[in-house]
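The next block is my_file_8.cif, given as mmCIF, C-alpha atoms.
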data_coords
#
loop_
_atom_site.label_atom_id
_atom_site.label_comp_id
_atom_site.auth_asym_id
_atom_site.auth_seq_id
_atom_site.Cartn_x
_atom_site.Cartn_y
_atom_site.Cartn_z
CA MET A 1 53.98 23.30 -33.79
CA ASN A 2 57.63 23.46 -32.71
CA THR A 3 60.12 24.44 -35.41
CA ARG A 4 63.21 24.71 -33.23
CA THR A 5 66.34 22.87 -34.28
CA GLU A 6 68.76 23.89 -31.51
CA THR A 7 69.34 21.57 -28.55
CA ALA A 8 67.10 22.42 -25.60
CA LEU A 9 68.78 24.05 -22.61
CA LYS A 10 67.16 21.51 -20.31
CA SER A 11 68.81 18.74 -22.36
CA ILE A 12 72.20 20.44 -22.36
CA PHE A 13 72.17 20.50 -18.55
CA SER A 14 70.11 17.38 -17.90
CA ASP A 15 73.00 15.82 -15.95
CA ASP A 16 73.74 18.99 -14.03
CA PHE A 17 70.77 21.01 -12.73
CA LYS A 18 67.28 22.23 -13.54
CA ILE A 19 67.06 25.17 -15.95
CA GLY A 20 64.37 27.69 -15.08
CA ALA A 21 62.87 31.01 -16.13
CA ALA A 22 60.86 33.65 -14.31
CA VAL A 23 57.47 34.12 -15.96
CA ASN A 24 54.34 36.23 -15.69
CA PRO A 25 50.84 36.12 -17.24
CA LEU A 26 52.12 37.97 -20.32
CA THR A 27 55.19 35.86 -21.02
CA ILE A 28 53.47 32.51 -20.59
CA ARG A 29 51.50 33.58 -23.67
CA THR A 30 54.13 35.43 -25.69
CA GLN A 31 56.98 33.03 -24.87
CA GLU A 32 55.08 29.76 -24.41
CA GLU A 33 56.85 27.83 -27.16
CA LEU A 34 60.29 29.00 -26.00
CA LEU A 35 59.54 28.22 -22.35
CA ALA A 36 58.12 24.77 -23.02
CA TYR A 37 61.01 23.79 -25.31
CA HIS A 38 64.01 25.02 -23.35
CA PHE A 39 63.08 25.07 -19.65
CA ASN A 40 61.99 22.54 -17.05
CA SER A 41 61.29 24.96 -14.19
CA ILE A 42 59.51 28.29 -13.73
CA THR A 43 59.26 30.95 -11.03
CA ALA A 44 56.51 33.56 -10.71
CA GLU A 45 58.11 36.95 -11.32
CA ASN A 46 55.78 39.02 -9.09
CA GLU A 47 52.53 37.09 -8.88
CA MET A 48 53.22 35.26 -5.61
CA LYS A 49 54.71 38.20 -3.74
CA PHE A 50 52.80 39.46 -0.72
CA ALA A 51 51.26 42.55 -2.33
CA SER A 52 50.07 40.48 -5.31
CA VAL A 53 48.34 37.62 -3.50
CA HIS A 54 47.31 39.33 -0.23
CA PRO A 55 46.59 43.02 -0.90
CA GLU A 56 44.23 43.43 2.07
CA GLU A 57 43.92 41.58 5.34
CA GLU A 58 40.77 39.71 4.39
CA VAL A 59 41.46 39.59 0.64
CA TYR A 60 43.52 37.05 -1.27
CA SER A 61 43.99 37.33 -5.03
CA PHE A 62 45.25 34.12 -6.61
CA ASP A 63 44.08 34.39 -10.23
CA ASP A 64 47.46 35.25 -11.77
CA ALA A 65 49.39 32.88 -9.52
CA ASP A 66 46.95 30.08 -10.31
CA ARG A 67 47.45 30.77 -14.03
CA LEU A 68 51.19 30.27 -13.68
CA ALA A 69 50.78 27.10 -11.65
CA ALA A 70 48.42 25.77 -14.32
CA PHE A 71 51.04 26.59 -16.99
CA ALA A 72 53.62 24.57 -15.05
CA ARG A 73 51.23 21.61 -14.83
CA LYS A 74 50.35 21.86 -18.54
CA HIS A 75 53.99 21.61 -19.58
CA GLY A 76 55.28 19.35 -16.83
CA LEU A 77 57.52 22.04 -15.33
CA ALA A 78 58.88 22.17 -11.80
CA MET A 79 57.92 25.37 -10.00
CA ARG A 80 59.68 27.58 -7.46
CA GLY A 81 57.73 29.89 -5.15
CA HIS A 82 58.88 33.50 -4.78
CA THR A 83 58.74 35.03 -2.14
CA LEU A 84 57.13 34.91 1.31
CA VAL A 85 58.98 37.58 3.32
CA TRP A 86 60.47 40.71 1.73
CA HIS A 87 60.78 44.37 2.65
CA ASN A 88 59.42 45.35 -0.79
CA GLN A 89 56.05 44.64 -2.40
CA THR A 90 54.43 44.09 0.98
CA THR A 91 51.31 46.13 1.73
CA ASP A 92 51.14 48.46 4.73
CA TRP A 93 48.14 46.74 6.34
CA LEU A 94 50.39 43.90 7.46
CA PHE A 95 52.31 46.16 9.84
CA GLN A 96 49.45 48.40 11.06
CA ASP A 97 46.38 48.17 13.22
CA HIS A 98 43.07 49.76 12.23
CA GLN A 99 44.22 53.10 13.62
CA GLY A 100 47.35 53.05 11.48
CA GLN A 101 49.64 52.31 14.43
CA PRO A 102 52.33 49.62 14.34
CA VAL A 103 51.02 46.21 15.40
CA SER A 104 52.66 44.14 18.11
CA LYS A 105 55.21 41.43 17.36
CA LYS A 106 52.57 38.84 18.29
CA VAL A 107 50.04 40.20 15.81
CA LEU A 108 52.62 40.50 13.01
CA LEU A 109 53.78 36.90 13.45
CA GLU A 110 50.16 35.69 13.59
CA ARG A 111 49.47 37.47 10.30
CA LEU A 112 52.63 35.99 8.79
CA HIS A 113 51.63 32.51 9.97
CA SER A 114 48.19 32.85 8.40
CA HIS A 115 49.61 34.21 5.13
CA ILE A 116 52.24 31.49 4.75
CA HIS A 117 49.87 28.66 5.60
CA THR A 118 47.32 29.99 3.11
CA VAL A 119 49.73 30.62 0.23
CA VAL A 120 52.16 27.74 0.69
CA GLY A 121 49.31 25.40 1.51
CA ARG A 122 47.47 26.35 -1.67
CA TYR A 123 50.44 25.41 -3.86
CA ARG A 124 51.72 22.49 -1.80
CA ASP A 125 51.33 20.11 -4.75
CA ASP A 126 52.69 22.56 -7.35
CA ILE A 127 55.73 24.18 -5.77
CA TYR A 128 58.78 22.16 -4.76
CA ALA A 129 60.92 25.03 -3.45
CA TRP A 130 60.23 28.43 -1.88
CA ASP A 131 62.30 31.58 -1.48
CA VAL A 132 61.05 31.96 2.06
CA VAL A 133 63.01 35.02 3.15
CA ASN A 134 64.34 37.51 0.62
CA GLU A 135 67.03 40.18 0.92
CA VAL A 136 67.20 40.78 4.68
CA ILE A 137 70.97 41.31 4.71
CA ALA A 138 72.32 44.88 4.91
CA ASP A 139 74.25 45.79 1.76
CA GLU A 140 76.92 47.83 3.53
CA GLY A 141 78.28 48.67 6.94
CA ALA A 142 78.62 46.65 10.10
CA GLU A 143 74.96 45.78 10.57
CA LEU A 144 73.97 42.23 9.60
CA LEU A 145 70.30 42.91 8.80
CA ARG A 146 68.81 45.68 6.68
CA PRO A 147 66.35 48.09 8.34
CA SER A 148 62.73 47.08 7.72
CA LYS A 149 59.31 47.11 9.33
CA TRP A 150 59.75 43.39 9.89
CA LEU A 151 62.87 44.02 11.94
CA ASP A 152 61.42 47.05 13.74
CA ILE A 153 58.38 45.15 15.00
CA ALA A 154 59.46 41.52 15.34
CA GLY A 155 63.23 41.72 15.71
CA PRO A 156 65.23 39.05 13.87
CA ASP A 157 62.79 36.31 14.96
CA PHE A 158 60.63 36.90 11.88
CA ILE A 159 63.27 35.14 9.79
CA SER A 160 63.28 31.83 11.65
CA LYS A 161 59.50 31.95 12.12
CA ALA A 162 58.94 32.30 8.38
CA PHE A 163 60.91 29.12 7.73
CA GLU A 164 59.10 27.28 10.51
CA TYR A 165 55.68 28.30 9.19
CA ALA A 166 56.59 27.34 5.61
CA HIS A 167 57.84 23.95 6.77
CA GLU A 168 54.57 23.37 8.65
CA ALA A 169 52.55 24.29 5.56
CA ALA A 170 54.56 22.13 3.12
CA PRO A 171 56.83 19.66 4.95
CA SER A 172 58.36 18.31 1.73
CA ALA A 173 59.16 21.70 0.16
CA GLN A 174 62.76 22.88 -0.05
CA LEU A 175 63.15 26.22 1.72
CA PHE A 176 65.67 28.87 0.65
CA TYR A 177 67.17 32.11 1.84
CA ASN A 178 67.52 34.34 -1.26
CA ASP A 179 69.65 37.46 -1.84
CA TYR A 180 71.49 39.61 -4.41
CA ASN A 181 75.14 40.76 -4.48
CA GLU A 182 75.60 37.31 -3.00
CA SER A 183 79.04 36.91 -4.58
CA HIS A 184 80.46 40.19 -3.30
CA PRO A 185 82.82 39.20 -0.47
CA GLU A 186 81.42 41.44 2.29
CA LYS A 187 77.80 40.49 1.65
CA CYS A 188 78.71 36.85 1.11
CA ASP A 189 80.21 36.78 4.61
CA LYS A 190 77.01 38.25 6.06
CA ILE A 191 74.75 35.78 4.26
CA TYR A 192 76.97 32.96 5.49
CA THR A 193 76.71 34.31 9.06
CA LEU A 194 72.91 34.52 8.90
CA VAL A 195 72.40 31.04 7.43
CA LYS A 196 74.90 29.50 9.84
CA SER A 197 72.95 31.01 12.75
CA LEU A 198 69.68 29.60 11.38
CA ILE A 199 71.22 26.14 11.08
CA LYS A 200 72.48 26.42 14.66
CA GLN A 201 68.90 27.17 15.78
CA ASP A 202 67.64 24.05 13.93
CA VAL A 203 65.57 26.24 11.60
CA PRO A 204 64.22 24.21 8.64
CA ILE A 205 66.30 25.82 5.89
CA HIS A 206 67.55 23.72 3.00
CA GLY A 207 69.31 26.05 0.63
CA ILE A 208 70.68 29.43 -0.38
CA GLY A 209 69.43 31.25 -3.45
CA LEU A 210 72.05 33.22 -5.34
CA GLN A 211 70.05 35.78 -7.30
CA ALA A 212 72.93 36.24 -9.77
CA HIS A 213 71.90 39.60 -11.23
CA TRP A 214 75.33 39.90 -12.82
CA ASN A 215 76.85 41.87 -15.69
CA LEU A 216 79.69 41.45 -18.16
CA PHE A 217 82.22 42.74 -15.67
CA ASP A 218 81.03 41.92 -12.16
CA PRO A 219 81.30 39.84 -10.05
CA SER A 220 84.58 38.15 -10.88
CA LEU A 221 84.63 34.40 -11.50
CA ASP A 222 86.92 34.05 -8.49
CA ASP A 223 84.37 35.77 -6.26
CA ILE A 224 81.56 33.58 -7.61
CA ARG A 225 83.62 30.45 -6.96
CA THR A 226 84.51 31.61 -3.44
CA ALA A 227 80.86 32.33 -2.65
CA ILE A 228 79.69 28.94 -3.94
CA GLU A 229 82.29 27.12 -1.87
CA LYS A 230 81.57 29.18 1.26
CA TYR A 231 77.82 28.59 1.08
CA ALA A 232 78.22 24.92 0.20
CA SER A 233 80.45 24.45 3.25
CA LEU A 234 77.30 24.91 5.35
CA GLY A 235 75.87 21.73 3.85
CA MET A 236 73.27 23.74 1.93
CA GLN A 237 72.10 23.07 -1.60
CA LEU A 238 72.49 26.13 -3.82
CA GLN A 239 70.31 27.47 -6.58
CA LEU A 240 70.86 30.41 -8.91
CA THR A 241 67.43 31.99 -8.69
CA GLU A 242 67.38 35.18 -10.81
CA LEU A 243 70.22 34.97 -13.33
CA ASP A 244 70.68 37.61 -15.99
CA MET A 245 73.77 39.11 -17.62
CA SER A 246 73.40 42.85 -18.14
CA LEU A 247 75.47 44.35 -20.91
CA PHE A 248 76.18 47.39 -18.73
CA ARG A 249 78.07 47.95 -15.52
CA PHE A 250 75.60 49.03 -12.83
CA GLU A 251 77.11 52.53 -12.72
CA ASP A 252 77.04 52.86 -16.56
CA LYS A 253 74.27 55.42 -17.20
CA ARG A 254 74.36 55.65 -21.01
CA SER A 255 71.00 55.26 -22.73
CA ASP A 256 71.75 55.85 -26.43
CA LEU A 257 72.25 52.22 -27.49
CA LYS A 258 69.39 50.93 -29.65
CA GLU A 259 70.80 47.44 -30.13
CA PRO A 260 73.75 45.54 -28.70
CA THR A 261 77.04 45.76 -30.58
CA ASN A 262 78.66 42.61 -31.93
CA GLY A 263 81.46 43.16 -29.43
CA MET A 264 78.98 43.22 -26.56
CA LEU A 265 77.30 40.02 -27.74
CA GLU A 266 80.67 38.29 -28.05
CA GLN A 267 81.67 39.46 -24.59
CA GLN A 268 78.34 38.23 -23.24
CA ALA A 269 78.89 34.87 -24.92
CA GLU A 270 82.34 34.54 -23.35
CA ARG A 271 80.97 35.52 -19.95
CA TYR A 272 78.04 33.08 -20.05
CA GLU A 273 80.33 30.27 -21.21
CA ALA A 274 82.77 30.93 -18.36
CA VAL A 275 79.96 31.14 -15.79
CA PHE A 276 78.28 27.91 -16.88
CA ARG A 277 81.59 26.11 -17.09
CA LEU A 278 82.09 27.11 -13.45
CA LEU A 279 78.56 26.14 -12.42
CA LYS A 280 78.97 22.68 -13.95
CA GLU A 281 81.98 22.15 -11.70
CA TYR A 282 79.64 22.53 -8.72
CA ARG A 283 76.69 20.55 -10.01
CA ASP A 284 76.83 18.37 -6.89
CA VAL A 285 75.71 21.36 -4.80
CA ILE A 286 73.84 23.46 -7.40
CA SER A 287 70.44 21.93 -8.08
CA SER A 288 68.84 24.60 -10.27
CA VAL A 289 69.74 27.64 -12.40
CA THR A 290 66.83 30.01 -13.08
CA PHE A 291 67.05 33.01 -15.40
CA TRP A 292 65.02 36.08 -14.39
CA GLY A 293 63.17 35.92 -17.69
CA ALA A 294 63.74 33.94 -20.88
CA ALA A 295 64.34 36.23 -23.87
CA ASP A 296 65.32 39.84 -24.50
CA ASP A 297 61.82 41.00 -25.45
CA TYR A 298 60.95 41.07 -21.74
CA THR A 299 63.36 41.87 -18.90
CA TRP A 300 63.11 43.86 -15.67
CA LEU A 301 66.45 45.43 -16.68
CA ASP A 302 64.67 47.52 -19.33
CA ASN A 303 64.52 50.94 -17.63
CA PHE A 304 66.58 49.78 -14.62
CA PRO A 305 68.72 51.36 -13.37
CA VAL A 306 68.52 53.79 -16.33
CA GLN A 307 65.05 54.97 -17.33
CA GLY A 308 64.40 54.58 -21.06
CA ARG A 309 67.24 52.13 -21.69
CA LYS A 310 66.85 48.72 -23.30
CA ASN A 311 68.97 45.79 -22.08
CA TRP A 312 69.67 42.39 -23.64
CA PRO A 313 70.64 40.05 -20.77
CA PHE A 314 69.51 36.61 -21.93
CA LEU A 315 70.50 33.71 -24.19
CA PHE A 316 67.62 34.43 -26.60
CA ASP A 317 66.99 37.64 -28.52
CA GLU A 318 63.82 39.68 -28.94
CA GLN A 319 62.55 37.22 -31.57
CA HIS A 320 63.30 34.29 -29.19
CA LEU A 321 66.19 33.13 -31.38
CA PRO A 322 69.42 31.83 -29.85
CA LYS A 323 72.18 34.40 -29.40
CA PRO A 324 75.93 33.74 -29.57
CA ALA A 325 75.87 33.11 -25.81
CA PHE A 326 73.45 30.21 -26.28
CA TYR A 327 75.71 28.44 -28.76
CA ARG A 328 78.76 28.91 -26.54
CA ILE A 329 76.90 27.27 -23.68
CA ALA A 330 75.58 24.52 -25.94
CA ASP A 331 79.17 23.68 -26.87
CA LEU A 332 79.85 22.81 -23.23
CA HIS A 333 77.55 19.83 -23.74
CA VAL A 334 79.83 18.24 -26.31
CA LYS A 335 83.22 19.16 -24.85
#

structure tokens encoding of this file:
Amino acid sequence: MNTRTETALKSIFSDDFKIGAAVNPLTIRTQEELLAYHFNSITAENEMKFASVHPEEEVYSFDDADRLAAFARKHGLAMRGHTLVWHNQTTDWLFQDHQGQPVSKKVLLERLHSHIHTVVGRYRDDIYAWDVVNEVIADEGAELLRPSKWLDIAGPDFISKAFEYAHEAAPSAQLFYNDYNESHPEKCDKIYTLVKSLIKQDVPIHGIGLQAHWNLFDPSLDDIRTAIEKYASLGMQLQLTELDMSLFRFEDKRSDLKEPTNGMLEQQAERYEAVFRLLKEYRDVISSVTFWGAADDYTWLDNFPVQGRKNWPFLFDEQHLPKPAFYRIADLHVK
């Protein structure tokens, strides 16, 4: 039985964009009431990544992913798929032959084709959008693409092929390129360059995913606005795909805090309000905002980047109750 009295997030932003949360088999149990009340979209946190669903060449493992898709159906939630091509959480067999030697480009692309058709095809009726290619941009330096086994074996063609295969498997799905530090000017320029080149090649790409792993201090609102406008100028729809608001700068290594201070929570509230005020300005190009979790009892930022440190990045606390940031955002609905 629902006992919540606050306005649902999905209602607050019903005229703006979908509101999503990343979930896993644990949180769909422990956070079910919160998820069903406040959100109208979910993303699998890890359960649809390559290593999770395809650990061996002849072995697929869909139990956890199926559980999440069933949860979405049960509660009438839209679902995003995450992710088909990534340099992490991809098992070695994909890149090797039976002697442990690197496979040819032809073999790698055949394996990718089979994987995408199997996975995307399985969830064709459940998933409306996929993060097809994830984090292939180099963080620093002059190089456009980060080093990876994908790039070593297939060259940059693996990127366009992944989109083509996903479009074949689910012609109505919306296909995204997804990356982090997407609002930092240098990386923003590189992402723009990559997506522009894909458009020029007539690759079936429909949007750019801004991961939005942000903190109280970075990136600046001006940089976020500039990134949104630059990406939107390509005619792409945008989605925030992995939003959280760490209380710590990335380089802040302290680990002694057992609970957030009132000052931190107020600063977080101000930051979330400013961010969502900005996002609402661009609701014509932003179609979804997904948090990388839902409440502070579960976040990947616990222990990252500082082992043993708790973080509190969301709108709901460890008891799933609204935090000051939630109420500041809710006020945007009535202003």

- Report the distance between atom CA of A:Cys188 and atom CA of A:Leu210 in Å, rounded to one decimal place.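 About the pair atom CA of A:Cys188 and atom CA of A:Leu210: they are 10.0 Å apart.
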
Per-residue nearest contacts of stretch 44-115 of chain A to stretch 133-145 of chain A (9 Å; only C-alpha atoms) as JSON lines:
{"residue": "A:His82", "atom": "CA", "partner": "A:Asn134", "partner_atom": "CA", "distance": 8.7}
{"residue": "A:Thr83", "atom": "CA", "partner": "A:Asn134", "partner_atom": "CA", "distance": 6.7}
{"residue": "A:Leu84", "atom": "CA", "partner": "A:Val133", "partner_atom": "CA", "distance": 6.2}
{"residue": "A:Val85", "atom": "CA", "partner": "A:Val133", "partner_atom": "CA", "distance": 4.8}
{"residue": "A:Trp86", "atom": "CA", "partner": "A:Asn134", "partner_atom": "CA", "distance": 5.1}
{"residue": "A:His87", "atom": "CA", "partner": "A:Val136", "partner_atom": "CA", "distance": 7.6}

Keeping only C-alpha atoms, write those residues as an mmCIF file, keeping the file's coordinate frame.
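Writing the result to result_9.cif gives the following:
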data_model
loop_
_atom_site.group_PDB
_atom_site.id
_atom_site.type_symbol
_atom_site.label_atom_id
_atom_site.label_comp_id
_atom_site.auth_asym_id
_atom_site.auth_seq_id
_atom_site.Cartn_x
_atom_site.Cartn_y
_atom_site.Cartn_z
ATOM 1 C CA HIS A 82 58.880 33.500 -4.780
ATOM 2 C CA THR A 83 58.740 35.030 -2.140
ATOM 3 C CA LEU A 84 57.130 34.910 1.310
ATOM 4 C CA VAL A 85 58.980 37.580 3.320
ATOM 5 C CA TRP A 86 60.470 40.710 1.730
ATOM 6 C CA HIS A 87 60.780 44.370 2.650
#

- Name the residues that the PyMOL selection byres ((chain A and resi 185) around 10) picks from the file above, as an MDAnalysis selection string, using the file's chain letters and numbers. chainID A and resid 181:184 186:191 219 223:224 226:227

- Atom-to-atom span, atom CA of A:Asp331 and atom CA of A:Val275, Å: 13.4 Å

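Every protein or nucleic acid residue with an atom no more than 10 Å from A:Arg4, counting all atoms listed in the file and leaving out same-chain residues fewer than 3 positions away, appears here: Met1, Thr7, Ala8, Glu33, Leu34, Tyr37, His38 and Leu321 of chain A.
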
Expected file: the selected residues, C-alpha atoms, as a PDB file, in the frame of the given file:
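Once written, again.pdb looks like this:
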ATOM      1  CA  MET A   1      53.980  23.300 -33.790  1.00  0.00           C
ATOM      2  CA  THR A   7      69.340  21.570 -28.550  1.00  0.00           C
ATOM      3  CA  ALA A   8      67.100  22.420 -25.600  1.00  0.00           C
ATOM      4  CA  GLU A  33      56.850  27.830 -27.160  1.00  0.00           C
ATOM      5  CA  LEU A  34      60.290  29.000 -26.000  1.00  0.00           C
ATOM      6  CA  TYR A  37      61.010  23.790 -25.310  1.00  0.00           C
ATOM      7  CA  HIS A  38      64.010  25.020 -23.350  1.00  0.00           C
ATOM      8  CA  LEU A 321      66.190  33.130 -31.380  1.00  0.00           C
TER       9      LEU A 321
END

- Rank nothing, just name the residue among A:Lys253, A:Lys258, A:Arg122, A:Lys196 nearest to A:Ala65, using only C-alpha atoms.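 Of all the options, A:Arg122 lies closest to A:Ala65.
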
- Note on the structure: Of A:Phe62, A:Phe326, A:Phe176, A:Phe250, the one nearest to A:Met236 when counting only C-alpha atoms is A:Phe176

- Message: For the provided coordinates, the residues matched by the PyMOL selection byres ((chain A and resi 73) around 12) should be stated as a list in words.
- Response: Ala36, Asn40, Ser41, Ile42, Asp66, Arg67, Leu68, Ala69, Ala70, Phe71, Ala72, Lys74, His75, Gly76, Leu77, Ala78, Met79, Tyr123, Asp125, Asp126 and Ile127 of chain A

- Message: With distances taken over all atoms listed in the file, which residue among A:Asp179, A:Asp15, A:Asp92, A:Glu32 lies nearest A:His54?
- Response: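 With all atoms listed in the file as the atom set, the closest residue is A:Asp92.
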
- Query: Distance atom CA of A:Leu194-atom CA of A:Asp218, one decimal place?
  - Reply: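 So the two atoms, atom CA of A:Leu194 and atom CA of A:Asp218, lie 23.8 Å apart.
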
- Task: Find the spatial neighbours of A:Glu273, counting only C-alpha atoms, within a cut-off of 12 Å - ignore same-chain residues fewer than 4 positions away - and output them as a PyMOL selection string.
- Result: chain A and resi 216+221+245+266-269+277-280+315+324-333

Residue by residue, what does the PyMOL selection byres ((chain A and resi 52) around 9) grab here? Present the result as a short mmCIF file (atom, residue, chain, number, x, y, z; two decimals) with C-alpha atoms, keeping the file's coordinate frame.
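After the write, expr-v8.cif holds the following:
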data_model
loop_
_atom_site.label_atom_id
_atom_site.label_comp_id
_atom_site.auth_asym_id
_atom_site.auth_seq_id
_atom_site.Cartn_x
_atom_site.Cartn_y
_atom_site.Cartn_z
CA ASN A 46 55.78 39.02 -9.09
CA GLU A 47 52.53 37.09 -8.88
CA MET A 48 53.22 35.26 -5.61
CA LYS A 49 54.71 38.20 -3.74
CA PHE A 50 52.80 39.46 -0.72
CA ALA A 51 51.26 42.55 -2.33
CA VAL A 53 48.34 37.62 -3.50
CA HIS A 54 47.31 39.33 -0.23
CA PRO A 55 46.59 43.02 -0.90
CA TYR A 60 43.52 37.05 -1.27
CA SER A 61 43.99 37.33 -5.03
CA PHE A 62 45.25 34.12 -6.61
CA ASP A 64 47.46 35.25 -11.77
CA ALA A 65 49.39 32.88 -9.52
CA GLN A 89 56.05 44.64 -2.40
CA THR A 90 54.43 44.09 0.98
#

Give me the box for stretch 99-116 of chain A as JSON, namely the centre and edge lengths in Å to one decimal of a box along x, y and z that holds every listed atom plus 8 Å on each side.
{"center_x": 49.7, "center_y": 42.3, "center_z": 11.5, "size_x": 27.0, "size_y": 37.6, "size_z": 29.5}

- Query: Looking at A:Lys18, A:His115, A:Lys149, A:Lys105, which one is nearest to A:Glu56, with distances taken over only C-alpha atoms?
  - Reply: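 Distance minimum relative to A:Glu56 lands on A:His115.
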
- Task: May I ask which of the residues A:Thr27, A:Gln101, A:Asn262, A:Thr118 is the closest one to A:Tyr298, counting only C-alpha atoms?
- Result: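 Counting only C-alpha atoms, the residue closest to A:Tyr298 is A:Thr27.
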
When you look at A:Leu240 with a cut-off of 8 Å (counting only C-alpha atoms), what residues show up, excluding the ones that are within fewer than 3 positions of it in the same chain? I need them as a compact mmCIF listing (two decimals) with C-alpha atoms, in the frame of the given file.
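Saved as out.txt:
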# COMPACT_ATOMS: atom_id res chain seq x y z
CA GLY A 209 69.43 31.25 -3.45
CA LEU A 210 72.05 33.22 -5.34
CA GLN A 211 70.05 35.78 -7.30
CA ALA A 212 72.93 36.24 -9.77
CA LEU A 243 70.22 34.97 -13.33
CA ILE A 286 73.84 23.46 -7.40
CA SER A 288 68.84 24.60 -10.27
CA VAL A 289 69.74 27.64 -12.40
CA THR A 290 66.83 30.01 -13.08
CA PHE A 291 67.05 33.01 -15.40
